[in-house]
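A.B. asks: I'm passing along query_18.csv; it holds CSV, C-alpha atoms.
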```csv
chain,number,residue,atom,x,y,z
E,201,MET,CA,28.4,-12.0,-264.2
E,202,SER,CA,29.2,-10.7,-260.7
E,203,VAL,CA,28.2,-12.7,-257.6
E,204,PRO,CA,27.2,-10.8,-254.5
E,205,THR,CA,29.7,-11.1,-251.7
E,206,ALA,CA,28.7,-12.8,-248.4
E,207,PRO,CA,28.6,-9.6,-246.4
E,208,ALA,CA,26.4,-8.0,-249.0
E,209,CYS,CA,24.1,-11.0,-249.0
E,210,ALA,CA,24.0,-10.9,-245.2
E,211,ARG,CA,23.0,-7.2,-245.2
E,212,CYS,CA,20.2,-7.9,-247.7
E,213,ALA,CA,18.9,-10.8,-245.6
E,214,SER,CA,19.1,-8.7,-242.5
E,215,SER,CA,17.1,-5.9,-244.1
E,216,ALA,CA,14.5,-8.3,-245.5
E,217,THR,CA,14.1,-9.9,-242.1
E,218,ALA,CA,13.7,-6.6,-240.4
E,219,ALA,CA,11.2,-5.4,-243.0
E,220,ALA,CA,9.2,-8.6,-242.6
E,221,THR,CA,9.2,-8.3,-238.9
E,222,LEU,CA,7.8,-4.8,-239.1
E,223,SER,CA,5.1,-5.6,-241.7
E,224,THR,CA,3.9,-9.1,-240.9
E,225,PRO,CA,0.4,-8.9,-239.3
E,226,GLY,CA,0.2,-10.6,-235.9
E,227,THR,CA,3.9,-10.5,-235.3
E,228,VAL,CA,4.9,-10.4,-231.6
E,229,ARG,CA,7.5,-7.6,-232.1
E,230,ARG,CA,6.1,-4.2,-233.2
E,231,ASP,CA,9.2,-2.1,-232.6
E,232,LEU,CA,9.6,0.9,-234.7
E,233,ASP,CA,12.7,1.1,-236.9
E,234,ALA,CA,14.2,4.5,-237.5
E,235,LYS,CA,15.2,3.6,-241.1
E,236,LEU,CA,12.5,1.0,-242.2
E,237,SER,CA,9.3,2.2,-240.5
E,238,PRO,CA,7.0,4.5,-242.5
E,239,LEU,CA,7.2,8.2,-241.6
E,240,ARG,CA,3.5,8.1,-240.8
E,241,SER,CA,4.0,5.3,-238.2
E,242,LEU,CA,7.0,7.1,-236.7
E,243,PHE,CA,5.0,10.3,-236.3
E,244,LEU,CA,1.7,8.7,-235.0
E,245,ASN,CA,3.4,6.4,-232.5
E,246,ARG,CA,5.6,9.2,-231.0
E,247,ALA,CA,3.0,11.9,-231.2
E,248,LEU,CA,0.4,9.8,-229.3
E,249,TRP,CA,2.7,9.4,-226.3
E,250,LEU,CA,4.0,13.0,-226.4
E,251,VAL,CA,0.4,14.4,-226.3
E,252,LEU,CA,-0.5,12.1,-223.4
E,253,LEU,CA,2.6,13.0,-221.5
E,254,THR,CA,2.0,16.7,-222.0
E,255,LEU,CA,-1.3,16.3,-220.2
E,256,PHE,CA,0.6,14.4,-217.5
E,257,GLY,CA,2.9,17.4,-217.2
E,258,ILE,CA,-0.1,19.7,-216.6
E,259,VAL,CA,-1.1,17.5,-213.6
E,260,THR,CA,2.4,17.9,-212.2
E,261,SER,CA,2.5,21.7,-212.7
E,262,THR,CA,-0.9,21.9,-211.0
E,263,LEU,CA,0.4,20.0,-208.0
E,264,VAL,CA,3.4,22.3,-207.7
E,265,ALA,CA,1.2,25.3,-207.8
E,266,ALA,CA,-0.9,23.9,-205.0
E,267,GLN,CA,2.1,23.9,-202.6
E,268,GLU,CA,2.0,27.6,-202.0
E,269,GLU,CA,1.8,27.2,-198.2
E,270,ILE,CA,5.0,25.1,-198.0
E,271,LEU,CA,6.9,27.3,-200.5
E,272,THR,CA,5.9,30.4,-198.6
E,273,SER,CA,7.3,28.9,-195.4
E,274,ALA,CA,10.5,27.8,-197.0
E,275,LEU,CA,11.1,29.5,-200.4
E,276,VAL,CA,14.5,27.9,-200.8
E,277,LEU,CA,12.8,24.5,-201.4
E,278,ALA,CA,12.0,25.8,-204.9
E,279,ALA,CA,15.7,25.9,-205.7
E,280,PHE,CA,16.0,22.1,-205.3
E,281,LEU,CA,12.9,21.1,-207.2
E,282,ALA,CA,14.5,20.8,-210.6
E,283,PRO,CA,17.5,18.7,-209.7
E,284,ILE,CA,15.3,16.4,-207.6
E,285,ILE,CA,12.8,15.6,-210.3
E,286,ASP,CA,15.6,15.4,-212.9
E,287,MET,CA,17.4,12.8,-210.9
E,288,GLY,CA,14.4,10.5,-210.9
E,289,GLY,CA,14.0,10.8,-214.6
E,290,ASN,CA,17.7,10.4,-215.3
E,291,THR,CA,18.1,7.3,-213.1
E,292,GLY,CA,15.0,5.7,-214.6
E,293,SER,CA,16.2,6.4,-218.2
E,294,GLN,CA,19.6,4.9,-217.4
E,295,ALA,CA,18.0,1.7,-216.1
E,296,ALA,CA,15.5,1.5,-218.9
E,297,THR,CA,18.2,1.9,-221.5
E,298,LEU,CA,20.2,-0.9,-220.0
E,299,VAL,CA,17.2,-3.2,-220.0
E,300,ILE,CA,16.2,-2.4,-223.6
E,301,ARG,CA,19.7,-3.0,-224.8
E,302,SER,CA,19.8,-6.3,-223.0
E,303,MET,CA,16.5,-7.2,-224.6
E,304,ALA,CA,17.9,-6.2,-228.0
E,305,VAL,CA,20.9,-8.6,-227.7
E,306,ASP,CA,18.6,-11.3,-226.2
E,307,THR,CA,20.3,-11.6,-222.8
E,308,VAL,CA,17.1,-10.5,-221.1
E,309,ARG,CA,13.6,-11.7,-221.9
E,310,ALA,CA,10.1,-10.7,-220.7
E,311,THR,CA,9.8,-13.5,-218.2
E,312,TRP,CA,9.1,-13.2,-214.4
E,313,ARG,CA,12.5,-14.8,-213.7
E,314,ASP,CA,14.3,-12.1,-215.6
E,315,VAL,CA,12.1,-9.3,-214.2
E,316,TRP,CA,12.8,-10.4,-210.7
E,317,ALA,CA,16.6,-10.7,-211.4
E,318,ILE,CA,16.7,-7.2,-212.9
E,319,VAL,CA,14.7,-5.7,-210.1
E,320,ARG,CA,16.9,-7.1,-207.3
E,321,ARG,CA,20.1,-5.9,-209.0
E,322,GLU,CA,18.6,-2.4,-209.8
E,323,LEU,CA,17.3,-2.0,-206.2
E,324,LEU,CA,20.9,-2.4,-204.8
E,325,VAL,CA,22.5,-0.2,-207.5
E,326,ALA,CA,19.8,2.5,-207.2
E,327,ALA,CA,20.1,2.5,-203.5
E,328,CYS,CA,23.8,3.1,-203.7
E,329,LEU,CA,23.3,5.8,-206.4
E,330,GLY,CA,20.7,7.4,-204.3
E,331,ALA,CA,22.8,7.6,-201.2
E,332,THR,CA,25.7,9.0,-203.2
E,333,VAL,CA,23.7,11.8,-204.9
E,334,ALA,CA,21.8,12.5,-201.7
E,335,VAL,CA,25.1,13.1,-199.7
E,336,LEU,CA,26.4,15.2,-202.6
E,337,GLU,CA,23.3,17.3,-202.8
E,338,VAL,CA,23.2,17.9,-199.0
E,339,VAL,CA,26.9,19.0,-199.0
E,340,LEU,CA,26.4,21.3,-201.9
E,341,ALA,CA,23.2,22.7,-200.3
E,342,TYR,CA,25.1,23.5,-197.1
E,343,PHE,CA,28.1,25.1,-198.6
E,344,VAL,CA,26.5,26.8,-201.6
E,345,LYS,CA,23.2,27.9,-200.1
E,346,SER,CA,23.8,27.7,-196.4
E,347,VAL,CA,20.5,26.1,-195.8
E,348,SER,CA,19.2,24.9,-192.4
E,349,LEU,CA,19.3,21.3,-191.2
E,350,ASP,CA,15.5,20.8,-191.9
E,351,ILE,CA,16.1,21.7,-195.6
E,352,MET,CA,19.1,19.4,-195.8
E,353,VAL,CA,17.0,16.5,-194.4
E,354,ILE,CA,14.2,17.2,-196.9
E,355,VAL,CA,16.5,17.4,-199.9
E,356,GLY,CA,18.6,14.4,-198.9
E,357,ALA,CA,15.7,12.1,-198.1
E,358,THR,CA,13.9,13.1,-201.2
E,359,MET,CA,16.9,12.6,-203.4
E,360,LEU,CA,17.5,9.1,-202.0
E,361,ILE,CA,13.9,7.9,-202.4
E,362,VAL,CA,13.4,9.5,-205.9
E,363,THR,CA,16.6,7.9,-207.2
E,364,VAL,CA,15.5,4.4,-206.0
E,365,VAL,CA,12.0,4.7,-207.3
E,366,GLY,CA,13.2,6.0,-210.6
E,367,GLY,CA,15.7,3.2,-211.0
E,368,LEU,CA,13.0,0.5,-210.2
E,369,LEU,CA,10.5,2.1,-212.6
E,370,GLY,CA,13.0,2.3,-215.3
E,371,ALA,CA,13.9,-1.4,-214.8
E,372,VAL,CA,10.3,-2.6,-214.9
E,373,LEU,CA,8.7,-0.4,-217.5
E,374,PRO,CA,10.4,-2.0,-220.6
E,375,PHE,CA,9.1,-5.4,-219.5
E,376,ALA,CA,5.6,-3.9,-219.1
E,377,ALA,CA,5.8,-2.3,-222.5
E,378,ARG,CA,6.9,-5.6,-224.1
E,379,ALA,CA,4.1,-7.5,-222.3
E,380,LEU,CA,1.6,-5.0,-223.8
E,381,ARG,CA,3.2,-5.4,-227.2
E,382,ILE,CA,4.4,-1.7,-227.2
E,383,ASP,CA,7.8,-0.6,-228.4
E,384,PRO,CA,9.8,0.0,-225.2
E,385,ALA,CA,12.2,2.4,-226.9
E,386,THR,CA,9.3,4.7,-227.9
E,387,LEU,CA,7.5,4.5,-224.6
E,388,SER,CA,10.0,4.1,-221.8
E,389,ALA,CA,12.1,7.2,-221.5
E,390,PRO,CA,9.3,9.8,-222.0
E,391,LEU,CA,7.0,8.0,-219.7
E,392,ILE,CA,9.6,7.5,-217.0
E,393,THR,CA,10.4,11.2,-217.1
E,394,SER,CA,6.8,12.3,-216.8
E,395,ILE,CA,5.9,9.8,-214.1
E,396,MET,CA,9.0,10.7,-212.1
E,397,ASP,CA,8.2,14.4,-212.4
E,398,LEU,CA,4.9,13.8,-210.7
E,399,VAL,CA,6.3,11.2,-208.2
E,400,GLY,CA,9.3,13.4,-207.4
E,401,VAL,CA,7.1,16.4,-206.7
E,402,THR,CA,4.7,14.4,-204.6
E,403,ILE,CA,7.5,12.8,-202.5
E,404,TYR,CA,9.4,16.2,-202.1
E,405,PHE,CA,6.4,18.1,-200.8
E,406,ALA,CA,5.2,15.2,-198.6
E,407,ILE,CA,8.5,15.1,-196.8
E,408,ALA,CA,8.7,18.9,-196.6
E,409,ALA,CA,5.2,19.0,-195.1
E,410,LEU,CA,6.2,16.4,-192.5
E,411,VAL,CA,9.5,18.0,-191.6
E,412,LEU,CA,8.2,21.6,-191.6
E,413,SER,CA,4.8,20.8,-190.0
E,414,ASP,CA,5.5,23.2,-187.1
E,415,GLN,CA,6.4,26.0,-189.4
E,416,LEU,CA,3.5,26.0,-191.8
E,417,VAL,CA,1.2,29.0,-191.5
```
Can the structure in the file be given as structure tokens, please?
C.D. replies:
Amino acid sequence: MSVPTAPACARCASSATAAATLSTPGTVRRDLDAKLSPLRSLFLNRALWLVLLTLFGIVTSTLVAAQEEILTSALVLAAFLAPIIDMGGNTGSQAATLVIRSMAVDTVRATWRDVWAIVRRELLVAACLGATVAVLEVVLAYFVKSVSLDIMVIVGATMLIVTVVGGLLGAVLPFAARALRIDPATLSAPLITSIMDLVGVTIYFAIAALVLSDQLV
């Protein structure tokens, strides 16, 4: 009669614990598991957010379409729109991934103390990242597209602000998801991308309208 080895028993216990965590009514953690969760749950949870975020995207595209006056005055602004909104989403996703991983290994918990500690650290890191990518974007804009000083100011300022906002949003959103008993892994990255698309567009054209106010027709 063979006796299960310790590693095998450990794997069995781990699987049983995970399954119980997913199926027990009233449990605090409701995270989806790529292997153990039912396909129906995986589909419904992901589809819900993707449908809502598609509607969010329509709002963003409508906002861009409404900026005809600014784009007519400085058509080159359209060339920088994609990298700017991408930077906000990318920075936010990075921050959210780090927080979610820290939650998974239990070095960070959904407490005000940990939230404040993460926000302080992310503010400094995101500011440094924002300054770095802003300078890089301005230099590339000057040498590759030979844009004017006004455009460089708009692009650089927007890149800095969007990067900082994206980093802070990404750091905070997993805590908010956990407080609402929503799986941060399912929610954080898609929501950050959609929010930062809208926020990035809004900041970009607000700065452009301010800097180019004397050129608008």
A.B. asks: Residues of range 277-318 of chain E that have any atom at most 7 Å from an atom of range 394-406 of chain E: could you tabulate them with the shortest-distance atom pair and the distance in Å to one decimal, using only C-alpha atoms, ordered by chain and increasing number, as a tab-separated table?
C.D. replies:
```
residue	atom	partner	partner_atom	distance
E:Ile284	CA	E:Gly400	CA	6.7
E:Ile285	CA	E:Gly400	CA	5.0
E:Gly288	CA	E:Met396	CA	5.5
E:Gly289	CA	E:Met396	CA	5.6
```
A.B. asks: Take the selection from the previous step and output its residues with C-alpha atoms, as a CSV table (one decimal), keeping the file's coordinate frame.
C.D. replies:
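The resulting file, result_19.csv, is shown below:
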```
chain,number,residue,atom,x,y,z
E,284,ILE,CA,15.3,16.4,-207.6
E,285,ILE,CA,12.8,15.6,-210.3
E,288,GLY,CA,14.4,10.5,-210.9
E,289,GLY,CA,14.0,10.8,-214.6
```
A.B. asks: Counting all atoms listed in the file, what is within 10 Å of range 364-370 of chain E, bar same-chain residues fewer than 6 positions away, as a short mmCIF file (atom, residue, chain, number, x, y, z; two decimals) with C-alpha atoms, in the frame of the given file?
C.D. replies:
```
data_model
loop_
_atom_site.label_atom_id
_atom_site.label_comp_id
_atom_site.auth_asym_id
_atom_site.auth_seq_id
_atom_site.Cartn_x
_atom_site.Cartn_y
_atom_site.Cartn_z
CA ILE E 285 12.80 15.60 -210.30
CA ASP E 286 15.60 15.40 -212.90
CA MET E 287 17.40 12.80 -210.90
CA GLY E 288 14.40 10.50 -210.90
CA GLY E 289 14.00 10.80 -214.60
CA ASN E 290 17.70 10.40 -215.30
CA THR E 291 18.10 7.30 -213.10
CA GLY E 292 15.00 5.70 -214.60
CA SER E 293 16.20 6.40 -218.20
CA GLN E 294 19.60 4.90 -217.40
CA ALA E 295 18.00 1.70 -216.10
CA ALA E 296 15.50 1.50 -218.90
CA THR E 297 18.20 1.90 -221.50
CA LEU E 298 20.20 -0.90 -220.00
CA VAL E 299 17.20 -3.20 -220.00
CA ILE E 318 16.70 -7.20 -212.90
CA VAL E 319 14.70 -5.70 -210.10
CA ARG E 320 16.90 -7.10 -207.30
CA ARG E 321 20.10 -5.90 -209.00
CA GLU E 322 18.60 -2.40 -209.80
CA LEU E 323 17.30 -2.00 -206.20
CA LEU E 324 20.90 -2.40 -204.80
CA VAL E 325 22.50 -0.20 -207.50
CA ALA E 326 19.80 2.50 -207.20
CA ALA E 327 20.10 2.50 -203.50
CA CYS E 328 23.80 3.10 -203.70
CA LEU E 329 23.30 5.80 -206.40
CA GLY E 330 20.70 7.40 -204.30
CA ALA E 331 22.80 7.60 -201.20
CA SER E 388 10.00 4.10 -221.80
CA ALA E 389 12.10 7.20 -221.50
CA LEU E 391 7.00 8.00 -219.70
CA ILE E 392 9.60 7.50 -217.00
CA THR E 393 10.40 11.20 -217.10
CA ILE E 395 5.90 9.80 -214.10
CA MET E 396 9.00 10.70 -212.10
CA ASP E 397 8.20 14.40 -212.40
CA VAL E 399 6.30 11.20 -208.20
CA GLY E 400 9.30 13.40 -207.40
#
```
A.B. asks: When you count all atoms listed in the file, which of these residues is closest to Phe375 in chain E: E:Ala310, E:Ala317, E:Val338, E:Met359?
C.D. replies: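 Counting all atoms listed in the file, the residue closest to Phe375 in chain E is E:Ala310.
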A.B. asks: Using only C-alpha atoms, find the one residue out of E:Leu244, E:Ala379, E:Val251, E:Phe280 that sits nearest to Lys345 in chain E.
C.D. replies: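 Closest candidate: E:Phe280.
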A.B. asks: Which residues, written as an MDAnalysis selection string, have at least one atom at most 10 Å from Ser273 in chain E, with only C-alpha atoms counted and residues fewer than 2 positions away on the same chain left out?
C.D. replies: chainID E and resid 268:271 275:277 412 415:417
A.B. asks: What is the CA of Ala334 in chain E-CA of Ile351 in chain E distance in Å, reported with one decimal?
C.D. replies: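 Computing the Euclidean distance for CA of Ala334 in chain E and CA of Ile351 in chain E yields 12.4 Å.
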A.B. asks: Just the number, please: distance in Å from CA of Leu236 in chain E to CA of Met303 in chain E, one decimal.
C.D. replies: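 Here the two named atoms are 19.8 Å from each other.
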A.B. asks: Rounded to one decimal, what separation in Å do you get between CA of Pro374 in chain E and CA of Ile300 in chain E?
C.D. replies: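 Atom-to-atom, CA of Pro374 in chain E to CA of Ile300 in chain E, that is 6.5 Å.
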A.B. asks: Using all atoms listed in the file for the distances, tell me which of E:Val333, E:Ile382, E:Ile258, E:Ala377 is nearest to Asn245 in chain E.
C.D. replies: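 Counting all atoms listed in the file, the residue closest to Asn245 in chain E is E:Ile382.
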